[in-house]
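Asks: I have a structure I would like to understand better, so I am pasting it below and will then ask my questions one at a time.
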Amino acid sequence: MTHKFKHSFITKVHLVISVLIVIPVAFIYGFAPELLFDIYLNTIDEYNAFKAVMGLYIGFSVLWILGIFKNQFLRIALITNVIFMLGLGFGRFLSLLLDGMPTRTFIFGTFGELILGIYGIWVLSKYYKKV
């Protein structure tokens, strides 16, 4: 493995993983949350809120894709990925403490988000010291 490829893999692998998970989840939230989650929308406002979450997820994914393919976007992609993942992970962890146990999908998601966020912090601290 060449040094350049190894560096690129280490700094971008979690962005690729994030995109591969977040984009499908975005469309599920936006159009059929009941497929994966114990969520059943009833009002137009609920549908609207979930479509907004879908748009937010897709918007961040676009930025992460830019970071994967264009080095001038990599640092901001890394920073936003850390904020996105740790924000979701800590929010879900708080819900776990205050609201009780969610379905396995959300428990798995919580750990995945925290791991990706912590990995992003490691990448930023190792390769981008001026954060």
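Ordered as shown in the structure tokens, chains take letters A, B, and onward, while each chain numbers its residues from 1 and ligands are numbered from 1 in the order shown.
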Could you build a table of the residues in segment 40-96 of chain A lying no more than 10 Å from segment 16-31 of chain A, giving for each the nearest pair of atoms and their separation in Å rounded to one decimal place, using only C-alpha atoms, ordered by chain and ascending residue number, as JSON lines?
Replies:
```
{"residue": "A:Tyr47", "atom": "CA", "partner": "A:Gly30", "partner_atom": "CA", "distance": 7.4}
{"residue": "A:Asn48", "atom": "CA", "partner": "A:Gly30", "partner_atom": "CA", "distance": 8.5}
{"residue": "A:Ala49", "atom": "CA", "partner": "A:Gly30", "partner_atom": "CA", "distance": 8.7}
{"residue": "A:Phe50", "atom": "CA", "partner": "A:Gly30", "partner_atom": "CA", "distance": 5.3}
{"residue": "A:Lys51", "atom": "CA", "partner": "A:Gly30", "partner_atom": "CA", "distance": 4.4}
{"residue": "A:Ala52", "atom": "CA", "partner": "A:Gly30", "partner_atom": "CA", "distance": 7.7}
{"residue": "A:Val53", "atom": "CA", "partner": "A:Ala26", "partner_atom": "CA", "distance": 7.1}
{"residue": "A:Met54", "atom": "CA", "partner": "A:Ala26", "partner_atom": "CA", "distance": 4.3}
{"residue": "A:Gly55", "atom": "CA", "partner": "A:Ala26", "partner_atom": "CA", "distance": 7.4}
{"residue": "A:Leu56", "atom": "CA", "partner": "A:Ala26", "partner_atom": "CA", "distance": 8.3}
{"residue": "A:Tyr57", "atom": "CA", "partner": "A:Ala26", "partner_atom": "CA", "distance": 5.7}
{"residue": "A:Ile58", "atom": "CA", "partner": "A:Ile23", "partner_atom": "CA", "distance": 5.9}
{"residue": "A:Gly59", "atom": "CA", "partner": "A:Ile23", "partner_atom": "CA", "distance": 9.5}
{"residue": "A:Phe60", "atom": "CA", "partner": "A:Val19", "partner_atom": "CA", "distance": 8.8}
{"residue": "A:Ser61", "atom": "CA", "partner": "A:Val19", "partner_atom": "CA", "distance": 5.5}
{"residue": "A:Val62", "atom": "CA", "partner": "A:Val19", "partner_atom": "CA", "distance": 8.3}
{"residue": "A:Leu63", "atom": "CA", "partner": "A:Val19", "partner_atom": "CA", "distance": 9.7}
{"residue": "A:Trp64", "atom": "CA", "partner": "A:Val19", "partner_atom": "CA", "distance": 7.1}
{"residue": "A:Ile65", "atom": "CA", "partner": "A:Val19", "partner_atom": "CA", "distance": 7.3}
{"residue": "A:Gly67", "atom": "CA", "partner": "A:Val16", "partner_atom": "CA", "distance": 9.8}
{"residue": "A:Ile68", "atom": "CA", "partner": "A:Val16", "partner_atom": "CA", "distance": 7.4}
{"residue": "A:Asn81", "atom": "CA", "partner": "A:Ser18", "partner_atom": "CA", "distance": 8.1}
{"residue": "A:Met85", "atom": "CA", "partner": "A:Ser18", "partner_atom": "CA", "distance": 8.8}
```
Asks: List the spatial neighbours of Thr110 of chain A as a list in words - criterion: any atom at most 12 Å away, only C-alpha atoms, same-chain residues fewer than 5 positions off excluded.
Replies: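 Result of the neighbour search: Met85, Leu86, Gly87, Leu88, Gly89, Phe90, Gly91, Arg92, Phe93, Leu94, Ser95, Leu96, Met101, Pro102, Thr103, Arg104, Thr105, Ile115, Leu116 and Gly117 of chain A.
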Asks: Can those selected residues be exported to a file as a CSV table (one decimal), in the first residue's frame so that it contains N, CA and C atoms?
Replies:
```csv
chain,number,residue,atom,x,y,z
A,85,MET,N,-22.1,13.2,13.5
A,85,MET,CA,-22.1,11.9,14.1
A,85,MET,C,-22.2,12.0,15.7
A,86,LEU,N,-21.3,12.9,16.2
A,86,LEU,CA,-21.4,13.0,17.7
A,86,LEU,C,-22.6,13.7,18.2
A,87,GLY,N,-23.2,14.6,17.4
A,87,GLY,CA,-24.5,15.2,17.7
A,87,GLY,C,-25.6,14.2,17.8
A,88,LEU,N,-25.6,13.3,16.8
A,88,LEU,CA,-26.6,12.3,16.8
A,88,LEU,C,-26.4,11.2,17.9
A,89,GLY,N,-25.1,10.8,18.0
A,89,GLY,CA,-24.8,9.8,19.0
A,89,GLY,C,-25.1,10.2,20.4
A,90,PHE,N,-24.7,11.5,20.7
A,90,PHE,CA,-24.9,12.0,22.1
A,90,PHE,C,-26.4,12.2,22.3
A,91,GLY,N,-27.1,12.7,21.3
A,91,GLY,CA,-28.6,12.8,21.4
A,91,GLY,C,-29.3,11.5,21.7
A,92,ARG,N,-28.9,10.5,20.9
A,92,ARG,CA,-29.5,9.2,21.1
A,92,ARG,C,-29.1,8.6,22.5
A,93,PHE,N,-27.8,8.8,22.9
A,93,PHE,CA,-27.4,8.4,24.2
A,93,PHE,C,-28.2,9.0,25.3
A,94,LEU,N,-28.5,10.3,25.2
A,94,LEU,CA,-29.3,11.1,26.2
A,94,LEU,C,-30.7,10.5,26.2
A,95,SER,N,-31.2,10.2,25.0
A,95,SER,CA,-32.6,9.6,24.9
A,95,SER,C,-32.6,8.2,25.6
A,96,LEU,N,-31.5,7.5,25.4
A,96,LEU,CA,-31.4,6.2,26.1
A,96,LEU,C,-31.5,6.3,27.6
A,101,MET,N,-34.9,2.2,26.5
A,101,MET,CA,-34.3,1.5,25.4
A,101,MET,C,-35.1,1.6,24.1
A,102,PRO,N,-34.4,2.1,23.0
A,102,PRO,CA,-35.1,2.1,21.7
A,102,PRO,C,-34.9,0.7,21.0
A,103,THR,N,-35.3,0.6,19.8
A,103,THR,CA,-35.1,-0.6,19.1
A,103,THR,C,-33.7,-0.9,18.8
A,104,ARG,N,-33.3,-2.1,18.5
A,104,ARG,CA,-31.9,-2.5,18.2
A,104,ARG,C,-31.3,-1.6,17.1
A,105,THR,N,-32.1,-1.2,16.1
A,105,THR,CA,-31.5,-0.4,15.0
A,105,THR,C,-31.0,0.9,15.6
A,115,ILE,N,-18.7,5.9,17.3
A,115,ILE,CA,-17.4,5.4,16.7
A,115,ILE,C,-16.9,6.3,15.6
A,116,LEU,N,-17.8,6.6,14.6
A,116,LEU,CA,-17.4,7.4,13.5
A,116,LEU,C,-17.0,8.8,13.9
A,117,GLY,N,-17.7,9.4,14.9
A,117,GLY,CA,-17.3,10.7,15.4
A,117,GLY,C,-16.0,10.7,16.1
```
Asks: What's the separation between atom CA of Ile10 of chain A and atom CA of Leu78 of chain A, in Å to one decimal place?
Replies: 11.8 Å
Asks: Record the distance separating atom CA of Ser8 of chain A and atom CA of Val123 of chain A, expressed in Å with one decimal.
Replies: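 Atom-to-atom, atom CA of Ser8 of chain A to atom CA of Val123 of chain A, that is 10.8 Å.
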Asks: Write out as a PyMOL selection string all residues of segment 18-71 of chain A that backbone DSSP assigns to helix (DSSP H, G or I).
Replies: chain A and resi 18-31+33-35+44-69+71
Asks: How would the residues just picked look written out with N, CA and C atoms as a CSV table (one decimal), in the first residue's frame?
Replies:
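The result, written out as selection-v7.csv:
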```
chain,number,residue,atom,x,y,z
A,18,SER,N,-20.0,6.7,6.2
A,18,SER,CA,-21.1,7.6,6.6
A,18,SER,C,-22.0,7.8,5.4
A,19,VAL,N,-21.5,8.1,4.2
A,19,VAL,CA,-22.3,8.3,3.0
A,19,VAL,C,-23.1,7.1,2.7
A,20,LEU,N,-22.4,5.9,2.8
A,20,LEU,CA,-23.1,4.6,2.4
A,20,LEU,C,-24.3,4.3,3.4
A,21,ILE,N,-24.2,4.8,4.6
A,21,ILE,CA,-25.3,4.6,5.6
A,21,ILE,C,-26.3,5.7,5.6
A,22,VAL,N,-25.8,7.0,5.6
A,22,VAL,CA,-26.7,8.1,5.8
A,22,VAL,C,-27.6,8.4,4.6
A,23,ILE,N,-27.1,8.2,3.4
A,23,ILE,CA,-28.0,8.4,2.2
A,23,ILE,C,-29.2,7.5,2.2
A,24,PRO,N,-29.0,6.1,2.3
A,24,PRO,CA,-30.2,5.3,2.3
A,24,PRO,C,-31.1,5.6,3.5
A,25,VAL,N,-30.5,5.8,4.7
A,25,VAL,CA,-31.3,6.2,5.9
A,25,VAL,C,-32.1,7.5,5.6
A,26,ALA,N,-31.5,8.4,4.9
A,26,ALA,CA,-32.2,9.7,4.6
A,26,ALA,C,-33.5,9.4,3.8
A,27,PHE,N,-33.4,8.5,2.8
A,27,PHE,CA,-34.6,8.2,2.0
A,27,PHE,C,-35.6,7.4,2.8
A,28,ILE,N,-35.1,6.6,3.7
A,28,ILE,CA,-36.1,5.8,4.5
A,28,ILE,C,-36.8,6.8,5.4
A,29,TYR,N,-36.1,7.7,6.1
A,29,TYR,CA,-36.7,8.7,6.9
A,29,TYR,C,-37.7,9.5,6.1
A,30,GLY,N,-37.3,9.9,4.9
A,30,GLY,CA,-38.2,10.8,4.1
A,30,GLY,C,-39.4,10.2,3.5
A,31,PHE,N,-39.3,8.9,3.2
A,31,PHE,CA,-40.4,8.2,2.5
A,31,PHE,C,-41.1,7.0,3.1
A,33,PRO,N,-40.3,5.6,6.9
A,33,PRO,CA,-39.6,5.3,8.2
A,33,PRO,C,-40.0,4.0,8.9
A,34,GLU,N,-41.2,3.6,8.6
A,34,GLU,CA,-41.7,2.4,9.2
A,34,GLU,C,-41.0,1.1,8.7
A,35,LEU,N,-40.3,1.2,7.6
A,35,LEU,CA,-39.5,0.1,7.1
A,35,LEU,C,-38.4,-0.4,8.0
A,44,ILE,N,-49.3,15.7,8.5
A,44,ILE,CA,-48.5,16.4,7.5
A,44,ILE,C,-47.3,17.0,8.1
A,45,ASP,N,-47.4,17.5,9.3
A,45,ASP,CA,-46.2,18.1,10.0
A,45,ASP,C,-45.2,17.1,10.3
A,46,GLU,N,-45.6,15.9,10.7
A,46,GLU,CA,-44.6,14.8,10.9
A,46,GLU,C,-43.9,14.4,9.6
A,47,TYR,N,-44.7,14.3,8.5
A,47,TYR,CA,-44.1,14.0,7.2
A,47,TYR,C,-43.1,15.1,6.8
A,48,ASN,N,-43.5,16.3,7.1
A,48,ASN,CA,-42.7,17.5,6.7
A,48,ASN,C,-41.4,17.4,7.5
A,49,ALA,N,-41.5,17.2,8.8
A,49,ALA,CA,-40.3,17.1,9.6
A,49,ALA,C,-39.3,16.0,9.2
A,50,PHE,N,-39.8,14.9,8.8
A,50,PHE,CA,-39.0,13.8,8.4
A,50,PHE,C,-38.4,14.0,7.0
A,51,LYS,N,-39.1,14.7,6.1
A,51,LYS,CA,-38.5,15.1,4.8
A,51,LYS,C,-37.4,16.1,5.1
A,52,ALA,N,-37.6,17.0,6.0
A,52,ALA,CA,-36.5,18.0,6.3
A,52,ALA,C,-35.3,17.3,6.8
A,53,VAL,N,-35.5,16.3,7.7
A,53,VAL,CA,-34.3,15.5,8.2
A,53,VAL,C,-33.7,14.8,7.0
A,54,MET,N,-34.5,14.2,6.1
A,54,MET,CA,-33.9,13.6,4.9
A,54,MET,C,-33.0,14.6,4.1
A,55,GLY,N,-33.5,15.8,3.9
A,55,GLY,CA,-32.8,16.9,3.2
A,55,GLY,C,-31.5,17.2,3.9
A,56,LEU,N,-31.5,17.3,5.2
A,56,LEU,CA,-30.3,17.6,6.0
A,56,LEU,C,-29.3,16.5,5.9
A,57,TYR,N,-29.8,15.2,5.9
A,57,TYR,CA,-28.9,14.1,5.8
A,57,TYR,C,-28.2,14.1,4.4
A,58,ILE,N,-29.0,14.3,3.4
A,58,ILE,CA,-28.5,14.3,2.0
A,58,ILE,C,-27.5,15.5,1.8
A,59,GLY,N,-27.9,16.7,2.4
A,59,GLY,CA,-27.0,17.8,2.2
A,59,GLY,C,-25.6,17.6,2.8
A,60,PHE,N,-25.6,17.0,4.0
A,60,PHE,CA,-24.3,16.7,4.6
A,60,PHE,C,-23.6,15.6,3.8
A,61,SER,N,-24.3,14.6,3.3
A,61,SER,CA,-23.7,13.6,2.5
A,61,SER,C,-23.0,14.2,1.3
A,62,VAL,N,-23.6,15.1,0.7
A,62,VAL,CA,-23.0,15.8,-0.5
A,62,VAL,C,-21.7,16.4,-0.1
A,63,LEU,N,-21.7,17.1,1.0
A,63,LEU,CA,-20.4,17.7,1.5
A,63,LEU,C,-19.4,16.7,1.7
A,64,TRP,N,-19.7,15.5,2.3
A,64,TRP,CA,-18.8,14.5,2.6
A,64,TRP,C,-18.3,13.9,1.3
A,65,ILE,N,-19.1,13.7,0.3
A,65,ILE,CA,-18.7,13.2,-1.0
A,65,ILE,C,-17.7,14.2,-1.6
A,66,LEU,N,-18.0,15.5,-1.5
A,66,LEU,CA,-17.0,16.5,-2.0
A,66,LEU,C,-15.7,16.3,-1.3
A,67,GLY,N,-15.7,16.1,0.0
A,67,GLY,CA,-14.5,15.9,0.7
A,67,GLY,C,-13.7,14.6,0.3
A,68,ILE,N,-14.4,13.6,-0.1
A,68,ILE,CA,-13.8,12.3,-0.5
A,68,ILE,C,-13.1,12.5,-1.8
A,69,PHE,N,-13.7,13.3,-2.7
A,69,PHE,CA,-13.1,13.5,-4.1
A,69,PHE,C,-12.3,14.7,-4.3
A,71,ASN,N,-9.8,17.4,-2.4
A,71,ASN,CA,-9.1,17.7,-1.1
A,71,ASN,C,-9.4,19.0,-0.5
```
